[in-house]
Structures are given as C-alpha cells and as structure tokens.
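Note sheet for the following structure.
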Amino acid sequence: VGGYDAMRENVLLDVHLETGDPKFLSGAKRIAAGLKIFCIPDADGAAFPGNGLSRASCDLATGSAGIVLFLDRLLRPRPADFLLDEVLS
C-alpha cells in the first residue's frame with residue numbers, strides 16, 4: 001500500500017552498529033535522502049504521511065515520529081532507545 005516503515009529503516013542502523021558493515025549504513029543513507037519527496041511542510045515545521053500515503057501521521061511505525069527517530073539515529077549513531085529492552089534485562 002506504500003508508505004514508510006521506520007522499524008525497517010531502524011533495523012538497518014541496528015545491523016550496521018552490530019556488524020560495522022558499511023552497506024547497511026549506505027542503505028540507510030539512501031533511504032534518508034529519498035524521504036524529502038514525502039515531506040509535507042507546514043507552519044510548525046514538517047510532517048510525513050503514514051501508511052498508504054493518504055494522511056499526515058505522527059506514529060512511530062510509519063509516521064513523523066519514526067522518521068525523526070531514524071534521522072536522529074543516522075546523525076547521532078547509537079543503539080535504539082525507543083524500547084524498554086534495557087529496562088527489562
């Protein structure tokens with residue numbers, strides 16, 4: 001149905017951090033470069049469409065929140081910090 005999958009993109013960053021393999025970082029950078037065609041500028045900044053590309057979305061899986069998390073992790077490499085895995089360990 002089209003749309004962005006932030007979880008998939010964050011997995012690329014996770015695999016790169018774990019293995020050091022540059023092809024995963026390269027793939028993440030290519031995806032980040034392509035995101036600008038989906039950006040919806042507004043008075044407060046920008047939004048991104050969610051699953052199906054039919055409405056602006058703020059959810060973590062397919063919307064602006066997930067895109068911001070992905071881009072932030074791309075600029076400041078670190079393990080994913082949006083789940084409670086480390087709290088439960």
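Ligands are numbered from 1 in the order shown, residues from 1 within each chain, and chains are lettered A, B, ... in the order they appear in the structure tokens.
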What residues in stretch 2-32 of chain A get the DSSP label helix (DSSP H, G or I)? Please answer as a list in words. Ala6, Met7, Arg8, Glu9, Asn10, Val11, Leu12, Leu13, Asp14, Val15, His16, Leu17, Glu18, Thr19, Pro22, Lys23, Phe24, Leu25, Ser26, Gly27, Ala28, Lys29, Arg30, Ile31 and Ala32 of chain A
So which residues touch A:Leu60 within 10 Å, counting only C-alpha atoms, skipping near sequence neighbours fewer than 6 positions away, as a PyMOL selection string? chain A and resi 5-7+50+66-70+82
Convert the current residue selection to file output with N, CA and C atoms, as a PDB file, in the first residue's frame.
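Output file out_6.pdb is given in full below:
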```pdb
ATOM      1  N   ASP A   5       8.342   2.687   6.467  1.00  0.00           N
ATOM      2  CA  ASP A   5       8.374   1.731   7.568  1.00  0.00           C
ATOM      3  C   ASP A   5       9.589   2.038   8.435  1.00  0.00           C
ATOM      4  N   ALA A   6       9.400   2.851   9.460  1.00  0.00           N
ATOM      5  CA  ALA A   6      10.508   3.292  10.304  1.00  0.00           C
ATOM      6  C   ALA A   6      11.188   2.133  11.002  1.00  0.00           C
ATOM      7  N   MET A   7      10.452   1.112  11.332  1.00  0.00           N
ATOM      8  CA  MET A   7      11.063  -0.014  12.023  1.00  0.00           C
ATOM      9  C   MET A   7      12.086  -0.708  11.115  1.00  0.00           C
ATOM     10  N   GLY A  50       1.612   8.788   6.625  1.00  0.00           N
ATOM     11  CA  GLY A  50       1.729   7.452   7.204  1.00  0.00           C
ATOM     12  C   GLY A  50       1.464   6.383   6.176  1.00  0.00           C
ATOM     13  N   GLY A  66       8.556   8.195  13.731  1.00  0.00           N
ATOM     14  CA  GLY A  66       9.513   7.182  13.311  1.00  0.00           C
ATOM     15  C   GLY A  66      10.583   7.743  12.395  1.00  0.00           C
ATOM     16  N   ILE A  67      10.203   8.658  11.531  1.00  0.00           N
ATOM     17  CA  ILE A  67      11.170   9.272  10.629  1.00  0.00           C
ATOM     18  C   ILE A  67      12.166  10.121  11.411  1.00  0.00           C
ATOM     19  N   VAL A  68      11.674  10.888  12.371  1.00  0.00           N
ATOM     20  CA  VAL A  68      12.574  11.716  13.186  1.00  0.00           C
ATOM     21  C   VAL A  68      13.536  10.831  13.980  1.00  0.00           C
ATOM     22  N   LEU A  69      13.033   9.754  14.547  1.00  0.00           N
ATOM     23  CA  LEU A  69      13.896   8.830  15.283  1.00  0.00           C
ATOM     24  C   LEU A  69      14.969   8.254  14.364  1.00  0.00           C
ATOM     25  N   PHE A  70      14.573   7.798  13.187  1.00  0.00           N
ATOM     26  CA  PHE A  70      15.515   7.240  12.222  1.00  0.00           C
ATOM     27  C   PHE A  70      16.585   8.263  11.830  1.00  0.00           C
ATOM     28  N   PHE A  82      14.214   3.425  21.939  1.00  0.00           N
ATOM     29  CA  PHE A  82      12.780   3.679  21.974  1.00  0.00           C
ATOM     30  C   PHE A  82      11.982   2.478  22.488  1.00  0.00           C
TER      31      PHE A  82
END
```
Strand (DSSP E) residues, from DSSP on the backbone, in stretch 5-81 of chain A, as an NGL selection string: :A and (40-42 or 45-49 or 56-57)
Show which residues sit within 12 Å of A:Arg30, as an NGL selection string. Count only C-alpha atoms, and ignore same-chain residues fewer than 4 positions away. :A and (9 or 12 or 23-26 or 34-36 or 71 or 74)
Any idea what the distance is between atom CA of A:Asn51 and atom CA of A:Cys39?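 So the two atoms, atom CA of A:Asn51 and atom CA of A:Cys39, lie 13.8 Å apart.
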